[in-house]
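**Q** Contents of final34.csv (CSV, N, CA and C atoms) are below:
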chain,number,residue,atom,x,y,z
A,1,ASP,N,27.9,69.2,22.6
A,1,ASP,CA,29.1,69.3,21.7
A,1,ASP,C,29.9,68.0,21.8
A,2,GLY,N,29.5,67.0,22.4
A,2,GLY,CA,30.2,65.7,22.4
A,2,GLY,C,31.3,65.7,23.6
A,3,PHE,N,31.2,66.6,24.5
A,3,PHE,CA,32.1,66.7,25.6
A,3,PHE,C,31.5,66.2,26.9
A,4,GLY,N,30.5,65.4,26.8
A,4,GLY,CA,29.8,64.9,28.0
A,4,GLY,C,30.5,63.8,28.8
A,5,ARG,N,31.7,64.1,29.3
A,5,ARG,CA,32.5,63.2,30.0
A,5,ARG,C,32.8,63.8,31.4
A,6,VAL,N,33.0,62.9,32.4
A,6,VAL,CA,33.3,63.4,33.7
A,6,VAL,C,34.5,62.6,34.2
A,7,LYS,N,35.2,63.1,35.2
A,7,LYS,CA,36.3,62.3,35.8
A,7,LYS,C,35.7,61.4,36.8
A,8,LEU,N,36.0,60.1,36.7
A,8,LEU,CA,35.5,59.1,37.6
A,8,LEU,C,36.4,58.9,38.8
A,9,PRO,N,35.8,58.6,40.0
A,9,PRO,CA,36.6,58.4,41.2
A,9,PRO,C,37.4,57.1,41.2
A,10,GLY,N,38.5,57.1,41.8
A,10,GLY,CA,39.3,55.9,42.0
A,10,GLY,C,39.6,55.1,40.8
A,11,ALA,N,39.5,53.8,40.8
A,11,ALA,CA,39.9,52.9,39.7
A,11,ALA,C,38.7,52.7,38.7
A,12,LEU,N,37.6,53.4,38.9
A,12,LEU,CA,36.4,53.2,38.0
A,12,LEU,C,36.7,53.5,36.6
A,13,GLU,N,37.6,54.4,36.3
A,13,GLU,CA,37.9,54.8,34.9
A,13,GLU,C,38.6,53.6,34.2
A,14,ARG,N,39.5,52.8,34.9
A,14,ARG,CA,40.1,51.6,34.3
A,14,ARG,C,39.1,50.5,34.3
A,15,LYS,N,38.3,50.3,35.3
A,15,LYS,CA,37.3,49.2,35.3
A,15,LYS,C,36.2,49.4,34.3
A,16,TYR,N,35.7,50.6,34.2
A,16,TYR,CA,34.6,50.9,33.2
A,16,TYR,C,35.0,52.0,32.3
A,17,PRO,N,35.8,51.7,31.2
A,17,PRO,CA,36.3,52.8,30.4
A,17,PRO,C,35.3,53.7,29.7
A,18,ASN,N,34.1,53.3,29.5
A,18,ASN,CA,33.1,54.1,28.8
A,18,ASN,C,32.1,54.8,29.8
A,19,ALA,N,32.3,54.4,31.1
A,19,ALA,CA,31.3,54.9,32.1
A,19,ALA,C,31.3,56.5,32.2
A,20,SER,N,32.4,57.1,31.9
A,20,SER,CA,32.5,58.6,32.1
A,20,SER,C,31.6,59.3,31.2
A,21,ALA,N,31.1,58.6,30.1
A,21,ALA,CA,30.1,59.3,29.2
A,21,ALA,C,28.7,58.9,29.5
A,22,GLU,N,28.4,58.0,30.4
A,22,GLU,CA,27.1,57.5,30.7
A,22,GLU,C,26.3,58.6,31.5
A,23,TRP,N,25.0,58.7,31.2
A,23,TRP,CA,24.1,59.7,31.9
A,23,TRP,C,24.2,59.7,33.4
A,24,ARG,N,24.3,58.5,34.0
A,24,ARG,CA,24.3,58.4,35.4
A,24,ARG,C,25.4,59.1,36.1
A,25,TRP,N,26.5,59.3,35.3
A,25,TRP,CA,27.7,60.0,35.9
A,25,TRP,C,27.7,61.5,35.6
A,26,GLN,N,26.8,61.9,34.7
A,26,GLN,CA,26.9,63.3,34.3
A,26,GLN,C,26.4,64.3,35.4
A,27,TRP,N,26.9,65.5,35.3
A,27,TRP,CA,26.5,66.6,36.2
A,27,TRP,C,25.2,67.2,35.7
A,28,VAL,N,24.3,67.5,36.5
A,28,VAL,CA,23.0,68.2,36.1
A,28,VAL,C,23.3,69.6,35.8
A,29,PHE,N,24.3,70.2,36.6
A,29,PHE,CA,24.7,71.6,36.4
A,29,PHE,C,26.2,71.6,36.1
A,30,PRO,N,26.6,71.4,34.8
A,30,PRO,CA,28.0,71.3,34.4
A,30,PRO,C,28.6,72.8,34.4
A,31,GLN,N,29.9,72.8,34.6
A,31,GLN,CA,30.6,74.1,34.4
A,31,GLN,C,30.6,74.5,32.9
A,32,GLU,N,30.9,75.8,32.7
A,32,GLU,CA,30.9,76.3,31.4
A,32,GLU,C,32.3,75.9,30.7
A,33,ASN,N,33.3,75.9,31.5
A,33,ASN,CA,34.7,75.5,31.0
A,33,ASN,C,34.9,74.0,31.0
A,34,ARG,N,35.7,73.5,30.1
A,34,ARG,CA,36.0,72.1,30.0
A,34,ARG,C,37.4,71.8,30.6
A,35,TRP,N,37.6,70.6,31.0
A,35,TRP,CA,38.9,70.1,31.4
A,35,TRP,C,39.4,69.3,30.2
A,36,LYS,N,40.7,69.1,30.1
A,36,LYS,CA,41.3,68.2,29.0
A,36,LYS,C,42.3,67.3,29.6
A,37,ASN,N,42.2,66.0,29.3
A,37,ASN,CA,43.2,65.0,29.7
A,37,ASN,C,44.3,65.0,28.7
A,38,LYS,N,45.5,65.4,29.1
A,38,LYS,CA,46.6,65.6,28.2
A,38,LYS,C,47.1,64.2,27.7
A,39,LYS,N,46.8,63.1,28.4
A,39,LYS,CA,47.3,61.8,28.0
A,39,LYS,C,46.5,61.3,26.7
A,40,ASN,N,45.2,61.5,26.8
A,40,ASN,CA,44.4,60.9,25.7
A,40,ASN,C,43.6,62.0,24.9
A,41,GLY,N,43.7,63.2,25.3
A,41,GLY,CA,42.9,64.3,24.6
A,41,GLY,C,41.5,64.4,24.9
A,42,GLU,N,41.0,63.5,25.8
A,42,GLU,CA,39.6,63.6,26.2
A,42,GLU,C,39.2,64.9,26.9
A,43,GLU,N,38.0,65.4,26.6
A,43,GLU,CA,37.6,66.6,27.3
A,43,GLU,C,36.3,66.4,28.0
A,44,GLY,N,36.0,67.1,29.1
A,44,GLY,CA,34.8,67.0,29.8
A,44,GLY,C,34.6,68.2,30.7
A,45,ARG,N,33.6,68.1,31.6
A,45,ARG,CA,33.3,69.2,32.5
A,45,ARG,C,33.1,68.8,33.9
A,46,HIS,N,33.5,69.6,34.8
A,46,HIS,CA,33.2,69.4,36.3
A,46,HIS,C,31.8,70.0,36.6
A,47,HIS,N,31.4,69.8,37.8
A,47,HIS,CA,30.1,70.4,38.2
A,47,HIS,C,30.3,71.9,38.5
A,48,VAL,N,29.3,72.7,38.5
A,48,VAL,CA,29.4,74.1,38.9
A,48,VAL,C,29.6,74.1,40.4
A,49,HIS,N,30.2,75.2,40.8
A,49,HIS,CA,30.4,75.3,42.3
A,49,HIS,C,29.1,75.6,42.9
A,50,GLU,N,28.8,75.0,44.1
A,50,GLU,CA,27.5,75.2,44.8
A,50,GLU,C,27.2,76.6,45.0
A,51,THR,N,28.1,77.5,45.2
A,51,THR,CA,27.8,78.9,45.4
A,51,THR,C,27.1,79.6,44.3
A,52,LEU,N,27.4,79.1,43.0
A,52,LEU,CA,26.7,79.7,41.9
A,52,LEU,C,25.2,79.4,41.9
A,53,LEU,N,24.8,78.2,42.3
A,53,LEU,CA,23.4,77.8,42.4
A,53,LEU,C,22.8,78.6,43.6
A,54,GLN,N,23.5,78.7,44.7
A,54,GLN,CA,23.0,79.5,45.9
A,54,GLN,C,22.7,80.9,45.5
A,55,LYS,N,23.6,81.5,44.8
A,55,LYS,CA,23.5,82.9,44.3
A,55,LYS,C,22.3,83.1,43.4
A,56,ALA,N,22.1,82.1,42.5
A,56,ALA,CA,21.0,82.1,41.6
A,56,ALA,C,19.6,82.0,42.3
A,57,VAL,N,19.6,81.2,43.3
A,57,VAL,CA,18.3,81.0,44.1
A,57,VAL,C,18.1,82.3,44.9
A,58,ARG,N,19.1,82.9,45.5
A,58,ARG,CA,19.0,84.1,46.3
A,58,ARG,C,18.5,85.2,45.4
A,59,SER,N,19.0,85.3,44.2
A,59,SER,CA,18.6,86.4,43.2
A,59,SER,C,17.2,86.2,42.8
A,60,ALA,N,16.8,84.9,42.5
A,60,ALA,CA,15.4,84.7,42.1
A,60,ALA,C,14.4,85.0,43.2
A,61,VAL,N,14.8,84.7,44.5
A,61,VAL,CA,13.9,85.0,45.6
A,61,VAL,C,13.7,86.5,45.8
A,62,PHE,N,14.8,87.2,45.6
A,62,PHE,CA,14.8,88.7,45.7
A,62,PHE,C,13.9,89.3,44.6
A,63,ARG,N,14.1,88.8,43.3
A,63,ARG,CA,13.3,89.3,42.2
A,63,ARG,C,11.9,89.0,42.4
A,64,ALA,N,11.5,87.9,43.0
A,64,ALA,CA,10.1,87.5,43.2
A,64,ALA,C,9.5,88.2,44.3
A,65,GLY,N,10.3,88.9,45.1
A,65,GLY,CA,9.7,89.7,46.2
A,65,GLY,C,9.4,88.9,47.4
A,66,ILE,N,10.0,87.7,47.5
A,66,ILE,CA,9.7,86.9,48.7
A,66,ILE,C,10.5,87.4,49.9
A,67,VAL,N,9.9,87.7,51.0
A,67,VAL,CA,10.5,88.2,52.1
A,67,VAL,C,11.0,87.2,53.1
A,68,LYS,N,10.5,86.0,53.0
A,68,LYS,CA,11.0,84.9,53.9
A,68,LYS,C,12.4,84.4,53.5
A,69,ARG,N,13.1,83.8,54.4
A,69,ARG,CA,14.4,83.2,54.1
A,69,ARG,C,14.2,82.0,53.3
A,70,VAL,N,14.8,82.0,52.1
A,70,VAL,CA,14.7,80.8,51.2
A,70,VAL,C,16.1,80.6,50.6
A,71,GLY,N,16.4,79.3,50.7
A,71,GLY,CA,17.7,78.9,50.1
A,71,GLY,C,17.6,77.5,49.4
A,72,CYS,N,18.6,77.0,48.9
A,72,CYS,CA,18.6,75.7,48.3
A,72,CYS,C,18.0,74.6,49.2
A,73,HIS,N,18.3,74.7,50.5
A,73,HIS,CA,17.9,73.6,51.4
A,73,HIS,C,16.3,73.7,51.6
A,74,THR,N,15.7,74.8,51.3
A,74,THR,CA,14.3,75.0,51.4
A,74,THR,C,13.6,74.0,50.4
A,75,PHE,N,14.2,73.8,49.3
A,75,PHE,CA,13.6,72.8,48.3
A,75,PHE,C,13.7,71.4,48.8
A,76,ARG,N,14.7,71.1,49.6
A,76,ARG,CA,14.8,69.7,50.2
A,76,ARG,C,13.6,69.5,51.2
A,77,HIS,N,13.4,70.6,52.0
A,77,HIS,CA,12.3,70.5,53.0
A,77,HIS,C,10.9,70.4,52.2
A,78,ALA,N,10.8,71.2,51.2
A,78,ALA,CA,9.5,71.2,50.5
A,78,ALA,C,9.3,69.8,49.8
A,79,PHE,N,10.3,69.2,49.3
A,79,PHE,CA,10.2,67.9,48.7
A,79,PHE,C,9.7,66.9,49.7
A,80,ALA,N,10.3,66.8,50.9
A,80,ALA,CA,10.0,65.9,51.9
A,80,ALA,C,8.5,66.2,52.4
A,81,THR,N,8.2,67.4,52.6
A,81,THR,CA,6.9,67.8,53.1
A,81,THR,C,5.8,67.4,52.1
A,82,HIS,N,6.0,67.6,50.8
A,82,HIS,CA,5.0,67.2,49.8
A,82,HIS,C,4.9,65.7,49.7
A,83,LEU,N,6.0,65.0,49.8
A,83,LEU,CA,5.9,63.5,49.8
A,83,LEU,C,5.0,63.1,51.0
A,84,LEU,N,5.2,63.6,52.1
A,84,LEU,CA,4.5,63.2,53.3
A,84,LEU,C,3.0,63.6,53.1
A,85,MET,N,2.7,64.8,52.6
A,85,MET,CA,1.3,65.2,52.4
A,85,MET,C,0.7,64.4,51.3
A,86,GLY,N,1.5,63.8,50.4
A,86,GLY,CA,1.0,63.0,49.3
A,86,GLY,C,0.7,61.6,49.7
A,87,GLY,N,1.0,61.3,51.0
A,87,GLY,CA,0.7,59.9,51.5
A,87,GLY,C,1.8,58.9,51.5
A,88,TYR,N,3.0,59.4,51.2
A,88,TYR,CA,4.1,58.4,51.2
A,88,TYR,C,4.5,58.1,52.6
A,89,ASP,N,4.9,56.9,52.9
A,89,ASP,CA,5.2,56.5,54.2
A,89,ASP,C,6.5,57.1,54.7
A,90,ILE,N,6.7,57.2,56.0
A,90,ILE,CA,7.8,57.9,56.6
A,90,ILE,C,9.1,57.1,56.3
A,91,ARG,N,9.1,55.8,56.2
A,91,ARG,CA,10.4,55.1,55.9
A,91,ARG,C,10.8,55.3,54.4
A,92,THR,N,9.9,55.4,53.5
A,92,THR,CA,10.3,55.8,52.1
A,92,THR,C,10.9,57.1,52.0
A,93,ILE,N,10.3,58.1,52.7
A,93,ILE,CA,10.8,59.4,52.8
A,93,ILE,C,12.2,59.5,53.4
A,94,GLN,N,12.4,58.7,54.5
A,94,GLN,CA,13.6,58.6,55.2
A,94,GLN,C,14.7,58.2,54.2
A,95,GLU,N,14.4,57.1,53.4
A,95,GLU,CA,15.4,56.6,52.5
A,95,GLU,C,15.7,57.6,51.4
A,96,LEU,N,14.7,58.3,50.8
A,96,LEU,CA,14.9,59.3,49.8
A,96,LEU,C,15.7,60.5,50.3
A,97,MET,N,15.5,60.9,51.5
A,97,MET,CA,16.2,62.0,52.1
A,97,MET,C,17.6,61.7,52.6
A,98,GLY,N,17.9,60.3,52.7
A,98,GLY,CA,19.2,59.9,53.2
A,98,GLY,C,19.4,60.1,54.6
A,99,HIS,N,18.3,60.1,55.4
A,99,HIS,CA,18.4,60.2,56.9
A,99,HIS,C,18.8,58.9,57.5
A,100,LYS,N,19.8,58.9,58.4
A,100,LYS,CA,20.1,57.6,59.0
A,100,LYS,C,19.1,57.2,60.1
A,101,ASP,N,18.5,58.2,60.7
A,101,ASP,CA,17.6,58.0,61.8
A,101,ASP,C,16.2,58.5,61.4
A,102,VAL,N,15.2,57.7,61.6
A,102,VAL,CA,13.8,58.1,61.3
A,102,VAL,C,13.3,59.3,62.1
A,103,ASN,N,13.9,59.5,63.3
A,103,ASN,CA,13.5,60.7,64.0
A,103,ASN,C,13.8,62.0,63.3
A,104,THR,N,14.9,62.0,62.5
A,104,THR,CA,15.2,63.2,61.7
A,104,THR,C,14.1,63.4,60.7
A,105,THR,N,13.6,62.4,60.1
A,105,THR,CA,12.5,62.5,59.1
A,105,THR,C,11.2,62.9,59.7
A,106,MET,N,11.0,62.5,61.0
A,106,MET,CA,9.7,62.8,61.7
A,106,MET,C,9.5,64.3,61.8
A,107,ILE,N,10.5,65.1,61.7
A,107,ILE,CA,10.4,66.5,61.8
A,107,ILE,C,9.3,67.0,60.8
A,108,TYR,N,9.2,66.4,59.7
A,108,TYR,CA,8.3,66.9,58.7
A,108,TYR,C,6.8,66.5,59.0
A,109,THR,N,6.5,65.7,60.0
A,109,THR,CA,5.2,65.3,60.3
A,109,THR,C,4.4,66.4,60.9
A,110,HIS,N,5.0,67.5,61.3
A,110,HIS,CA,4.3,68.6,61.9
A,110,HIS,C,3.3,69.3,61.0
A,111,VAL,N,3.5,69.1,59.7
A,111,VAL,CA,2.6,69.7,58.7
A,111,VAL,C,1.3,69.0,58.5
A,112,LEU,N,1.2,67.7,59.0
A,112,LEU,CA,0.0,66.9,58.7
A,112,LEU,C,-1.2,67.4,59.5
A,113,ASN,N,-1.2,67.3,60.9
A,113,ASN,CA,-2.2,67.8,61.7
A,113,ASN,C,-3.6,67.5,61.2
A,114,LYS,N,-3.9,66.3,60.7
A,114,LYS,CA,-5.2,65.9,60.1
A,114,LYS,C,-6.1,65.3,61.1
A,115,GLY,N,-5.5,64.8,62.2
A,115,GLY,CA,-6.4,64.1,63.2
A,115,GLY,C,-7.0,62.9,62.6
A,116,GLY,N,-8.2,62.6,62.9
A,116,GLY,CA,-8.9,61.5,62.4
A,116,GLY,C,-9.3,61.6,61.0
A,117,GLN,N,-9.3,62.8,60.4
A,117,GLN,CA,-9.6,63.0,59.0
A,117,GLN,C,-8.6,62.4,58.1
A,118,GLY,N,-7.3,62.2,58.6
A,118,GLY,CA,-6.3,61.7,57.8
A,118,GLY,C,-6.3,60.2,57.6
A,119,VAL,N,-7.2,59.6,58.3
A,119,VAL,CA,-7.2,58.1,58.2
A,119,VAL,C,-8.3,57.7,57.2
A,120,SER,N,-7.9,56.8,56.3
A,120,SER,CA,-9.0,56.4,55.3
A,120,SER,C,-9.2,54.9,55.6
A,121,SER,N,-10.4,54.5,55.4
A,121,SER,CA,-10.8,53.1,55.6
A,121,SER,C,-10.5,52.3,54.3
A,122,PRO,N,-10.2,51.0,54.5
A,122,PRO,CA,-9.9,50.2,53.3
A,122,PRO,C,-11.1,50.1,52.4
A,123,LEU,N,-12.3,50.4,53.0
A,123,LEU,CA,-13.5,50.4,52.2
A,123,LEU,C,-13.6,51.6,51.3
A,124,ASP,N,-12.9,52.7,51.6
A,124,ASP,CA,-12.9,53.9,50.8
A,124,ASP,C,-12.4,53.6,49.4
A,125,GLY,N,-11.5,52.6,49.2
A,125,GLY,CA,-10.9,52.3,47.9
A,125,GLY,C,-11.8,51.5,47.0
A,126,LEU,N,-13.0,51.0,47.5
A,126,LEU,CA,-13.8,50.1,46.8
A,126,LEU,C,-14.8,50.9,45.9
Starting from the file, lay out its structure as structure tokens.
**A**
Amino acid sequence: DGFGRVKLPGALERKYPNASAEWRWQWVFPQENRWKNKKNGEEGRHHVHETLLQKAVRSAVFRAGIVKRVGCHTFRHAFATHLLMGGYDIRTIQELMGHKDVNTTMIYTHVLNKGGQGVSSPLDGL
């Protein structure tokens, strides 16, 4: 509807006047209601509160009949685990996950357990 603007932090609004409409600043899950700037009439949306997404995940898990504990953080673990299983190096995963210490990222290596079968020879690629 043309209301794809967000409030920018600090002095960024003055420094980059059109940045509030750029995709990189948009919320993936915007609120239904809009805010309005009384000075210039500009309208936009904030992000939805995290509890709404948590409730939606909880409801979907219940409807799917999954008995294990599943929450939003489960998707973060699944993402890291699948990257590791897909052959991405631990440092790349560390950066993507935002871990300061690689030991935190190493938690995900328990899923590998490939032994010698997980090692490929450079000749395998020929």
**Q** Where in region 21-96 of chain A does DSSP assign strand (DSSP E), given as a PyMOL selection string?
**A** chain A and resi 35-36+43-44
**Q** Those residues you just picked out, can you put them in a file as an mmCIF file, in the frame of the given file with N, CA and C atoms?
**A**
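Ended up saving to out-v4.cif:
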data_model
loop_
_atom_site.group_PDB
_atom_site.id
_atom_site.type_symbol
_atom_site.label_atom_id
_atom_site.label_comp_id
_atom_site.auth_asym_id
_atom_site.auth_seq_id
_atom_site.Cartn_x
_atom_site.Cartn_y
_atom_site.Cartn_z
ATOM 1 N N TRP A 35 37.600 70.600 31.000
ATOM 2 C CA TRP A 35 38.900 70.100 31.400
ATOM 3 C C TRP A 35 39.400 69.300 30.200
ATOM 4 N N LYS A 36 40.700 69.100 30.100
ATOM 5 C CA LYS A 36 41.300 68.200 29.000
ATOM 6 C C LYS A 36 42.300 67.300 29.600
ATOM 7 N N GLU A 43 38.000 65.400 26.600
ATOM 8 C CA GLU A 43 37.600 66.600 27.300
ATOM 9 C C GLU A 43 36.300 66.400 28.000
ATOM 10 N N GLY A 44 36.000 67.100 29.100
ATOM 11 C CA GLY A 44 34.800 67.000 29.800
ATOM 12 C C GLY A 44 34.600 68.200 30.700
#
**Q** If you count all atoms listed in the file, which residues fall within 8 Å of Glu32 (chain A), apart from same-chain ones fewer than 3 positions away, as a PDB file with N, CA and C atoms, in the frame of the given file?
**A**
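Output below, filename part_6.pdb:
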ATOM      1  N   PHE A  29      24.300  70.200  36.600  1.00  0.00           N
ATOM      2  CA  PHE A  29      24.700  71.600  36.400  1.00  0.00           C
ATOM      3  C   PHE A  29      26.200  71.600  36.100  1.00  0.00           C
ATOM      4  N   TRP A  35      37.600  70.600  31.000  1.00  0.00           N
ATOM      5  CA  TRP A  35      38.900  70.100  31.400  1.00  0.00           C
ATOM      6  C   TRP A  35      39.400  69.300  30.200  1.00  0.00           C
ATOM      7  N   ARG A  45      33.600  68.100  31.600  1.00  0.00           N
ATOM      8  CA  ARG A  45      33.300  69.200  32.500  1.00  0.00           C
ATOM      9  C   ARG A  45      33.100  68.800  33.900  1.00  0.00           C
ATOM     10  N   HIS A  46      33.500  69.600  34.800  1.00  0.00           N
ATOM     11  CA  HIS A  46      33.200  69.400  36.300  1.00  0.00           C
ATOM     12  C   HIS A  46      31.800  70.000  36.600  1.00  0.00           C
ATOM     13  N   HIS A  47      31.400  69.800  37.800  1.00  0.00           N
ATOM     14  CA  HIS A  47      30.100  70.400  38.200  1.00  0.00           C
ATOM     15  C   HIS A  47      30.300  71.900  38.500  1.00  0.00           C
ATOM     16  N   VAL A  48      29.300  72.700  38.500  1.00  0.00           N
ATOM     17  CA  VAL A  48      29.400  74.100  38.900  1.00  0.00           C
ATOM     18  C   VAL A  48      29.600  74.100  40.400  1.00  0.00           C
TER      19      VAL A  48
END
**Q** Atom N of Glu50 (chain A) and atom N of Gly4 (chain A), how far apart in Å?
**A** 19.9 Å
**Q** For the structure I just gave you, how does DSSP split region 12-52 of chain A - specifically, which residues are helix (DSSP H, G or I)? Reply as a ChimeraX atom specification.
**A** /A:12-15,19-21,23-25,50-52
**Q** Please, what distance in Å, to one decimal, runs between CA of Gly10 (chain A) and CA of Gln54 (chain A)?
**A**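 CA of Gly10 (chain A) sits 28.9 Å away from CA of Gln54 (chain A).
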**Q** Of the candidates A:Ile66, A:Leu53, A:Leu84, A:Leu126, which one gets nearest to Ile107 (chain A) if we count only C-alpha atoms?
**A**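 Checking each candidate against Ile107 (chain A), we get A:Leu84 as the closest.
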**Q** Work out how far apart atom C of Val57 (chain A) and atom C of Gly71 (chain A) are and give it in Å to one decimal.
**A** 6.6 Å
**Q** Which residues are close to Ser20 (chain A), i.e. within 7 Å by only N, CA and C atoms, leaving aside same-chain residues fewer than 3 positions away? Reply as a list in words.
**A**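 What passes the distance filter is Gly4, Arg5, Val6, Lys7, Leu8, Glu13, Tyr16, Pro17, Trp23, Trp25 and Gln26 of chain A.
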**Q** With only C-alpha atoms as the counted atoms, please give the residues lying no more than 12 Å from Tyr108 (chain A), apart from itself and same-chain residues fewer than 5 positions off, as a list in words.
**A**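 Residues near the query, excluding close chain neighbours: Arg76, His77, Ala78, Phe79, Ala80, Thr81, His82, Leu83, Leu84, Met85, Asp89, Ile90, Ile93, Gln94, Met97, Val102, Asn103 and Asn113 of chain A.
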**Q** With distances taken over only C-alpha atoms, which of A:Gly86, A:Lys68, A:Asp124, A:Ser59 is nearest to Thr109 (chain A)?
**A** A:Gly86
**Q** Please fill the gaps in region 16-32 of chain A so it has N, CA, C and O atoms, and write that as a PDB file, in the frame of the given file.
**A**
ATOM      1  N   TYR A  16      35.700  50.600  34.200  1.00  0.00           N
ATOM      2  CA  TYR A  16      34.600  50.900  33.200  1.00  0.00           C
ATOM      3  C   TYR A  16      35.000  52.000  32.300  1.00  0.00           C
ATOM      4  O   TYR A  16      34.668  53.159  32.533  1.00  0.00           O
ATOM      5  N   PRO A  17      35.800  51.700  31.200  1.00  0.00           N
ATOM      6  CA  PRO A  17      36.300  52.800  30.400  1.00  0.00           C
ATOM      7  C   PRO A  17      35.300  53.700  29.700  1.00  0.00           C
ATOM      8  O   PRO A  17      35.641  54.860  29.452  1.00  0.00           O
ATOM      9  N   ASN A  18      34.100  53.300  29.500  1.00  0.00           N
ATOM     10  CA  ASN A  18      33.100  54.100  28.800  1.00  0.00           C
ATOM     11  C   ASN A  18      32.100  54.800  29.800  1.00  0.00           C
ATOM     12  O   ASN A  18      31.253  55.513  29.384  1.00  0.00           O
ATOM     13  N   ALA A  19      32.300  54.400  31.100  1.00  0.00           N
ATOM     14  CA  ALA A  19      31.300  54.900  32.100  1.00  0.00           C
ATOM     15  C   ALA A  19      31.300  56.500  32.200  1.00  0.00           C
ATOM     16  O   ALA A  19      30.287  57.051  32.519  1.00  0.00           O
ATOM     17  N   SER A  20      32.400  57.100  31.900  1.00  0.00           N
ATOM     18  CA  SER A  20      32.500  58.600  32.100  1.00  0.00           C
ATOM     19  C   SER A  20      31.600  59.300  31.200  1.00  0.00           C
ATOM     20  O   SER A  20      31.267  60.483  31.384  1.00  0.00           O
ATOM     21  N   ALA A  21      31.100  58.600  30.100  1.00  0.00           N
ATOM     22  CA  ALA A  21      30.100  59.300  29.200  1.00  0.00           C
ATOM     23  C   ALA A  21      28.700  58.900  29.500  1.00  0.00           C
ATOM     24  O   ALA A  21      27.766  59.428  28.821  1.00  0.00           O
ATOM     25  N   GLU A  22      28.400  58.000  30.400  1.00  0.00           N
ATOM     26  CA  GLU A  22      27.100  57.500  30.700  1.00  0.00           C
ATOM     27  C   GLU A  22      26.300  58.600  31.500  1.00  0.00           C
ATOM     28  O   GLU A  22      26.885  59.322  32.269  1.00  0.00           O
ATOM     29  N   TRP A  23      25.000  58.700  31.200  1.00  0.00           N
ATOM     30  CA  TRP A  23      24.100  59.700  31.900  1.00  0.00           C
ATOM     31  C   TRP A  23      24.200  59.700  33.400  1.00  0.00           C
ATOM     32  O   TRP A  23      24.271  60.676  34.031  1.00  0.00           O
ATOM     33  N   ARG A  24      24.300  58.500  34.000  1.00  0.00           N
ATOM     34  CA  ARG A  24      24.300  58.400  35.400  1.00  0.00           C
ATOM     35  C   ARG A  24      25.400  59.100  36.100  1.00  0.00           C
ATOM     36  O   ARG A  24      25.388  59.386  37.263  1.00  0.00           O
ATOM     37  N   TRP A  25      26.500  59.300  35.300  1.00  0.00           N
ATOM     38  CA  TRP A  25      27.700  60.000  35.900  1.00  0.00           C
ATOM     39  C   TRP A  25      27.700  61.500  35.600  1.00  0.00           C
ATOM     40  O   TRP A  25      28.614  62.200  36.044  1.00  0.00           O
ATOM     41  N   GLN A  26      26.800  61.900  34.700  1.00  0.00           N
ATOM     42  CA  GLN A  26      26.900  63.300  34.300  1.00  0.00           C
ATOM     43  C   GLN A  26      26.400  64.300  35.400  1.00  0.00           C
ATOM     44  O   GLN A  26      25.611  63.943  36.231  1.00  0.00           O
ATOM     45  N   TRP A  27      26.900  65.500  35.300  1.00  0.00           N
ATOM     46  CA  TRP A  27      26.500  66.600  36.200  1.00  0.00           C
ATOM     47  C   TRP A  27      25.200  67.200  35.700  1.00  0.00           C
ATOM     48  O   TRP A  27      25.108  67.467  34.472  1.00  0.00           O
ATOM     49  N   VAL A  28      24.300  67.500  36.500  1.00  0.00           N
ATOM     50  CA  VAL A  28      23.000  68.200  36.100  1.00  0.00           C
ATOM     51  C   VAL A  28      23.300  69.600  35.800  1.00  0.00           C
ATOM     52  O   VAL A  28      22.797  70.201  34.896  1.00  0.00           O
ATOM     53  N   PHE A  29      24.300  70.200  36.600  1.00  0.00           N
ATOM     54  CA  PHE A  29      24.700  71.600  36.400  1.00  0.00           C
ATOM     55  C   PHE A  29      26.200  71.600  36.100  1.00  0.00           C
ATOM     56  O   PHE A  29      27.009  71.819  36.940  1.00  0.00           O
ATOM     57  N   PRO A  30      26.600  71.400  34.800  1.00  0.00           N
ATOM     58  CA  PRO A  30      28.000  71.300  34.400  1.00  0.00           C
ATOM     59  C   PRO A  30      28.600  72.800  34.400  1.00  0.00           C
ATOM     60  O   PRO A  30      27.912  73.731  34.098  1.00  0.00           O
ATOM     61  N   GLN A  31      29.900  72.800  34.600  1.00  0.00           N
ATOM     62  CA  GLN A  31      30.600  74.100  34.400  1.00  0.00           C
ATOM     63  C   GLN A  31      30.600  74.500  32.900  1.00  0.00           C
ATOM     64  O   GLN A  31      30.505  73.677  32.036  1.00  0.00           O
ATOM     65  N   GLU A  32      30.900  75.800  32.700  1.00  0.00           N
ATOM     66  CA  GLU A  32      30.900  76.300  31.400  1.00  0.00           C
ATOM     67  C   GLU A  32      32.300  75.900  30.700  1.00  0.00           C
ATOM     68  O   GLU A  32      32.310  75.510  29.554  1.00  0.00           O
TER      69      GLU A  32
END
